[in-house]
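A.B. asks: Sharing a structure, written as structure tokens. Questions coming.
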Amino acid sequence: MKNKLLKTLTCFASISAIGSAATIISTSCNSQDQQDDYWPEDALPREVYDIDSKDHTLYGFTRNFERHYDDYKQFDTIWIPSDVKYISNYAFFDTDASASKIPTYLKKIAFAEGSNCSSIGQNAFYGCSSLTSVDFSNCKTLSTIGNYAFRNCNLISSINFSNCLELTSIGSNVFAVCSSLTSIVFPDNLSEIGIEAFDSCSSLESITLNKELRNINSCAFRDCSSLTNIEWNFTSNFNMVSIGSSAFADIATNNGKIKCTAPETHTSIDLLNWLQGKAPYTIRQGSFPTTGWEAIN
């Protein structure tokens, strides 16, 4: 169903009448244009969002919504309008109460087609325990995800960044302690994974790392206790610089497999031995489990 977002035009005029002739002395018009986006029936209406019309920043919910959130229980989706460029720090997190502002009946986050969102601020959705999915498929301009943005969203089951072609860095603790997360698809141009970005994602079973990745920071996948498969397809332009300390510490150590393709031979290799011979690339102490992992063909 398509809802038409109204275009409103309000004009104020001062009119001076001389005989039968009327002269408009001054006119002030305020035009408020909103894009005609598809709006799902299960999504909260635009009126509940606090959006700055000048810089297109989404600051969270309006105070009216926060006072009357029980009136919106028929909805289950936070729908980010296409004109939003930035989601502010702590947009949906109450720092005073140290709790999410998102009601428990809201389960999904999705971005409108043609999304212009380039940045999700730090702690923006921190601790939303009811959230089960975040759809990034329309986020073609997303370039930054701030620290702790989705930490402790422990019902999210999968993340797919494949359409986020501008995303080059995932911040610290962004998805840490998302304990139901089982799979991640990274974008092709990702170059850095932040400190503890996926720390304690205890249900994560496998990851496929992209060829442009340069840095995996400390504790990035630490304590991903179900992680048994890592696939990493290199090219001749292999760019890895560093794997930080404890980056993969305390992941599953029994019968784990690392599948990697070496650019020289295009065959599966022992990742650890191969990287250690590629100065100045470094694997810091404790990056991987010391036993139980091997390359697979």
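So you can find residues: chains in the structure tokens are A, B, ... in the order shown, residues in each start at 1, and ligands are numbered from 1 in order.
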Give me every strand (DSSP E) residue in region 57-103 of chain A, going by DSSP on the backbone, as a list in words.
C.D. replies: Thr57, Leu58, Tyr59, Gly60, Phe61, Thr77, Ile78, Trp79, Ile80, Tyr86, Ile87, Phe93, Asp94, Ala99 and Ser100 of chain A
A.B. asks: Just to be explicit: take each residue in the selection above, keep C-alpha atoms, and write the result as a tab-separated table (two decimals), in the first residue's frame.
C.D. replies:
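Here's the written file part.tsv:
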chain	number	residue	atom	x	y	z
A	57	THR	CA	19.20	14.26	11.11
A	58	LEU	CA	16.99	11.73	12.86
A	59	TYR	CA	17.16	12.39	16.61
A	60	GLY	CA	14.83	9.59	17.69
A	61	PHE	CA	11.16	9.65	18.60
A	77	THR	CA	8.73	-1.70	12.23
A	78	ILE	CA	10.93	1.37	12.54
A	79	TRP	CA	11.00	2.71	8.99
A	80	ILE	CA	13.82	5.20	8.31
A	86	TYR	CA	22.17	10.95	9.69
A	87	ILE	CA	20.94	9.02	12.70
A	93	PHE	CA	18.90	5.11	23.72
A	94	ASP	CA	18.05	6.85	26.99
A	99	ALA	CA	17.88	1.70	28.52
A	100	SER	CA	16.53	1.57	25.00
A.B. asks: Would you list the contacts of Asp199 (chain A) as a PyMOL selection string, taking every protein, DNA or RNA residue within 8 Å and counting only C-alpha atoms, but skipping same-chain residues closer than 6 positions in sequence?
C.D. replies: chain A and resi 173+175-177+219-224
A.B. asks: For the selection just defined, write its residues with all heavy atoms to a file, as a PDB file, in the first residue's frame.
C.D. replies:
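Saved file result-v4.pdb follows:
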ATOM      1  N   ASN A 173      32.627  -2.375  19.056  1.00  0.00           N
ATOM      2  CA  ASN A 173      31.476  -2.872  19.814  1.00  0.00           C
ATOM      3  C   ASN A 173      30.140  -2.710  19.094  1.00  0.00           C
ATOM      4  O   ASN A 173      29.095  -2.767  19.733  1.00  0.00           O
ATOM      5  CB  ASN A 173      31.390  -2.161  21.171  1.00  0.00           C
ATOM      6  CG  ASN A 173      32.289  -2.781  22.215  1.00  0.00           C
ATOM      7  OD1 ASN A 173      31.917  -3.725  22.903  1.00  0.00           O
ATOM      8  ND2 ASN A 173      33.497  -2.252  22.311  1.00  0.00           N
ATOM      9  N   PHE A 175      28.288  -4.606  17.142  1.00  0.00           N
ATOM     10  CA  PHE A 175      27.354  -5.729  17.305  1.00  0.00           C
ATOM     11  C   PHE A 175      27.772  -6.648  18.445  1.00  0.00           C
ATOM     12  O   PHE A 175      27.377  -7.823  18.481  1.00  0.00           O
ATOM     13  CB  PHE A 175      27.253  -6.534  16.006  1.00  0.00           C
ATOM     14  CG  PHE A 175      26.575  -5.795  14.883  1.00  0.00           C
ATOM     15  CD1 PHE A 175      27.326  -5.156  13.910  1.00  0.00           C
ATOM     16  CD2 PHE A 175      25.190  -5.729  14.814  1.00  0.00           C
ATOM     17  CE1 PHE A 175      26.709  -4.463  12.876  1.00  0.00           C
ATOM     18  CE2 PHE A 175      24.560  -5.037  13.789  1.00  0.00           C
ATOM     19  CZ  PHE A 175      25.318  -4.401  12.815  1.00  0.00           C
ATOM     20  N   ALA A 176      28.545  -6.153  19.375  1.00  0.00           N
ATOM     21  CA  ALA A 176      28.993  -6.974  20.495  1.00  0.00           C
ATOM     22  C   ALA A 176      27.794  -7.456  21.315  1.00  0.00           C
ATOM     23  O   ALA A 176      26.798  -6.756  21.468  1.00  0.00           O
ATOM     24  CB  ALA A 176      29.939  -6.179  21.396  1.00  0.00           C
ATOM     25  N   VAL A 177      27.905  -8.684  21.792  1.00  0.00           N
ATOM     26  CA  VAL A 177      26.883  -9.309  22.638  1.00  0.00           C
ATOM     27  C   VAL A 177      25.528  -9.391  21.926  1.00  0.00           C
ATOM     28  O   VAL A 177      24.485  -9.312  22.560  1.00  0.00           O
ATOM     29  CB  VAL A 177      26.744  -8.603  24.007  1.00  0.00           C
ATOM     30  CG1 VAL A 177      26.127  -9.558  25.033  1.00  0.00           C
ATOM     31  CG2 VAL A 177      28.076  -8.128  24.537  1.00  0.00           C
ATOM     32  N   CYS A 219      40.254  -8.182  19.633  1.00  0.00           N
ATOM     33  CA  CYS A 219      39.047  -8.788  20.208  1.00  0.00           C
ATOM     34  C   CYS A 219      37.828  -8.674  19.295  1.00  0.00           C
ATOM     35  O   CYS A 219      36.690  -8.795  19.753  1.00  0.00           O
ATOM     36  CB  CYS A 219      38.721  -8.169  21.571  1.00  0.00           C
ATOM     37  SG  CYS A 219      40.070  -8.230  22.766  1.00  0.00           S
ATOM     38  N   ALA A 220      38.059  -8.471  18.001  1.00  0.00           N
ATOM     39  CA  ALA A 220      36.939  -8.244  17.074  1.00  0.00           C
ATOM     40  C   ALA A 220      35.934  -9.382  17.095  1.00  0.00           C
ATOM     41  O   ALA A 220      34.716  -9.148  17.059  1.00  0.00           O
ATOM     42  CB  ALA A 220      37.468  -8.034  15.659  1.00  0.00           C
ATOM     43  N   PHE A 221      36.433 -10.626  17.144  1.00  0.00           N
ATOM     44  CA  PHE A 221      35.548 -11.800  17.171  1.00  0.00           C
ATOM     45  C   PHE A 221      35.810 -12.660  18.417  1.00  0.00           C
ATOM     46  O   PHE A 221      35.533 -13.853  18.420  1.00  0.00           O
ATOM     47  CB  PHE A 221      35.754 -12.640  15.914  1.00  0.00           C
ATOM     48  CG  PHE A 221      35.329 -11.950  14.638  1.00  0.00           C
ATOM     49  CD1 PHE A 221      36.253 -11.244  13.875  1.00  0.00           C
ATOM     50  CD2 PHE A 221      34.013 -11.999  14.216  1.00  0.00           C
ATOM     51  CE1 PHE A 221      35.871 -10.605  12.706  1.00  0.00           C
ATOM     52  CE2 PHE A 221      33.618 -11.366  13.053  1.00  0.00           C
ATOM     53  CZ  PHE A 221      34.543 -10.664  12.295  1.00  0.00           C
ATOM     54  N   ARG A 222      36.306 -12.034  19.445  1.00  0.00           N
ATOM     55  CA  ARG A 222      36.603 -12.755  20.671  1.00  0.00           C
ATOM     56  C   ARG A 222      35.337 -13.390  21.262  1.00  0.00           C
ATOM     57  O   ARG A 222      34.248 -12.809  21.217  1.00  0.00           O
ATOM     58  CB  ARG A 222      37.217 -11.816  21.702  1.00  0.00           C
ATOM     59  CG  ARG A 222      37.605 -12.481  23.022  1.00  0.00           C
ATOM     60  CD  ARG A 222      38.133 -11.472  24.012  1.00  0.00           C
ATOM     61  NE  ARG A 222      37.154 -10.429  24.301  1.00  0.00           N
ATOM     62  CZ  ARG A 222      37.396  -9.397  25.110  1.00  0.00           C
ATOM     63  NH1 ARG A 222      38.580  -9.256  25.675  1.00  0.00           N
ATOM     64  NH2 ARG A 222      36.457  -8.487  25.322  1.00  0.00           N
ATOM     65  N   ASP A 223      35.501 -14.567  21.789  1.00  0.00           N
ATOM     66  CA  ASP A 223      34.430 -15.270  22.492  1.00  0.00           C
ATOM     67  C   ASP A 223      33.207 -15.520  21.609  1.00  0.00           C
ATOM     68  O   ASP A 223      32.080 -15.580  22.100  1.00  0.00           O
ATOM     69  CB  ASP A 223      34.024 -14.502  23.759  1.00  0.00           C
ATOM     70  CG  ASP A 223      33.344 -15.398  24.783  1.00  0.00           C
ATOM     71  OD1 ASP A 223      33.573 -16.627  24.744  1.00  0.00           O
ATOM     72  OD2 ASP A 223      32.566 -14.886  25.604  1.00  0.00           O
ATOM     73  N   CYS A 224      33.448 -15.669  20.308  1.00  0.00           N
ATOM     74  CA  CYS A 224      32.392 -16.165  19.413  1.00  0.00           C
ATOM     75  C   CYS A 224      32.477 -17.685  19.494  1.00  0.00           C
ATOM     76  O   CYS A 224      33.068 -18.343  18.641  1.00  0.00           O
ATOM     77  CB  CYS A 224      32.599 -15.650  17.990  1.00  0.00           C
ATOM     78  SG  CYS A 224      32.335 -13.868  17.832  1.00  0.00           S
TER      79      CYS A 224
END
A.B. asks: Just checking: using only C-alpha atoms, which residue out of A:Cys139, A:Ile109, A:Leu44, A:Ala247 ends up closest to Cys153 (chain A)?
C.D. replies: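 Closest residue, counting only C-alpha atoms: A:Ile109.
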A.B. asks: For Ser82 (chain A), which of A:Cys117, A:Leu167, A:Ile51, A:Ala97 is the closest residue, counting only C-alpha atoms?
C.D. replies: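 Once distances to Ser82 (chain A) are computed over only C-alpha atoms, the minimum belongs to A:Cys117.
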A.B. asks: Between A:Asp188, A:Ala252, A:Ala197, A:Asp71, which is the closest to Arg151 (chain A) once you count only C-alpha atoms?
C.D. replies: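 Nearest to Arg151 (chain A): A:Ala197.
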A.B. asks: May I ask which of the residues A:Ser98, A:Ile156, A:Tyr126, A:Ile170 is the closest one to Cys201 (chain A), counting only C-alpha atoms?
C.D. replies: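 Between A:Ser98, A:Ile156, A:Tyr126, A:Ile170, the residue approaching Cys201 (chain A) most closely is A:Ile156.
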A.B. asks: In Å to one decimal, how far is CA of Phe150 (chain A) from CA of Ser206 (chain A)?
C.D. replies: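 These atoms are spaced 19.7 Å apart.
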A.B. asks: Go through A:Leu155, A:Ala112, A:Ile120, A:Ala43 one by one, measure the shortest atom-to-atom distance of each to Ser137 (chain A) using only C-alpha atoms, and give the residue with the smallest value.
C.D. replies: A:Ala112
A.B. asks: Looking at A:Asn152, A:Asn123, A:Asn217, A:Thr168, which one is nearest to Phe248 (chain A), with distances taken over only C-alpha atoms?
C.D. replies: A:Asn217
A.B. asks: Within 8 Å of Gly146 (chain A), counting only C-alpha atoms, which residues show up once you throw out same-chain ones fewer than 5 positions away? Write them as a list in words, please.
C.D. replies: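 Here the qualifying residues turn out to be Asn89, Ser119, Ile120, Gly121, Gln122, Asn123, Ile170, Gly171, Ser172 and Val174 of chain A.
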A.B. asks: Could you work out how far CA of Asp52 (chain A) lies from CA of Ser115 (chain A), giving the answer in Å with one decimal?
C.D. replies: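 These two atoms are separated by 16.0 Å.
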A.B. asks: If you count only C-alpha atoms, which residues fall within 8 Å of Lys108 (chain A), apart from same-chain ones fewer than 3 positions away, as an MDAnalysis selection string?
C.D. replies: chainID A and resid 76:78 131:135
A.B. asks: Please write the residues from the selection above to a file, keeping all heavy atoms, as a tab-separated table (two decimals), in the first residue's frame.
C.D. replies:
chain	number	residue	atom	x	y	z
A	76	ASP	N	5.08	-2.80	13.97
A	76	ASP	CA	6.24	-3.55	14.47
A	76	ASP	C	7.55	-3.13	13.84
A	76	ASP	O	8.59	-3.74	14.10
A	76	ASP	CB	6.02	-5.05	14.29
A	76	ASP	CG	6.03	-5.50	12.83
A	76	ASP	OD1	6.17	-4.65	11.93
A	76	ASP	OD2	5.89	-6.72	12.59
A	77	THR	N	7.53	-2.07	13.00
A	77	THR	CA	8.73	-1.70	12.23
A	77	THR	C	9.10	-0.22	12.41
A	77	THR	O	8.22	0.65	12.34
A	77	THR	CB	8.51	-1.97	10.73
A	77	THR	OG1	8.22	-3.36	10.56
A	77	THR	CG2	9.74	-1.60	9.91
A	78	ILE	N	10.38	0.02	12.62
A	78	ILE	CA	10.93	1.37	12.54
A	78	ILE	C	11.38	1.57	11.11
A	78	ILE	O	12.30	0.89	10.63
A	78	ILE	CB	12.12	1.55	13.51
A	78	ILE	CG1	11.65	1.39	14.96
A	78	ILE	CG2	12.79	2.90	13.30
A	78	ILE	CD1	12.79	1.39	15.96
A	131	LEU	N	14.54	-6.23	19.21
A	131	LEU	CA	14.85	-6.12	17.78
A	131	LEU	C	15.34	-7.44	17.21
A	131	LEU	O	16.31	-8.02	17.70
A	131	LEU	CB	15.90	-5.03	17.58
A	131	LEU	CG	16.19	-4.58	16.17
A	131	LEU	CD1	14.97	-3.92	15.56
A	131	LEU	CD2	17.37	-3.59	16.17
A	132	THR	N	14.66	-7.93	16.17
A	132	THR	CA	15.04	-9.21	15.56
A	132	THR	C	15.74	-9.06	14.21
A	132	THR	O	16.43	-9.99	13.78
A	132	THR	CB	13.81	-10.12	15.38
A	132	THR	OG1	12.88	-9.47	14.51
A	132	THR	CG2	13.15	-10.41	16.72
A	133	SER	N	15.56	-7.94	13.52
A	133	SER	CA	16.19	-7.79	12.21
A	133	SER	C	16.45	-6.33	11.88
A	133	SER	O	15.70	-5.43	12.30
A	133	SER	CB	15.31	-8.40	11.11
A	133	SER	OG	14.12	-7.66	10.93
A	134	VAL	N	17.53	-6.11	11.13
A	134	VAL	CA	17.86	-4.80	10.58
A	134	VAL	C	18.13	-5.01	9.10
A	134	VAL	O	19.05	-5.74	8.73
A	134	VAL	CB	19.09	-4.16	11.25
A	134	VAL	CG1	19.32	-2.76	10.69
A	134	VAL	CG2	18.92	-4.11	12.76
A	135	ASP	N	17.33	-4.38	8.25
A	135	ASP	CA	17.45	-4.55	6.81
A	135	ASP	C	18.26	-3.39	6.23
A	135	ASP	O	17.79	-2.26	6.16
A	135	ASP	CB	16.06	-4.59	6.18
A	135	ASP	CG	16.09	-4.87	4.69
A	135	ASP	OD1	17.20	-4.91	4.11
A	135	ASP	OD2	15.01	-5.05	4.10
A.B. asks: Could you give me, as a list in words, the residues within 10 Å of Tyr69 (chain A), counting only C-alpha atoms and dropping anything in the same chain fewer than 6 positions from it?
C.D. replies: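 These residues fall inside the cut-off: Val48, Phe61, Arg63, Ile102, Pro103 and Tyr105 of chain A.
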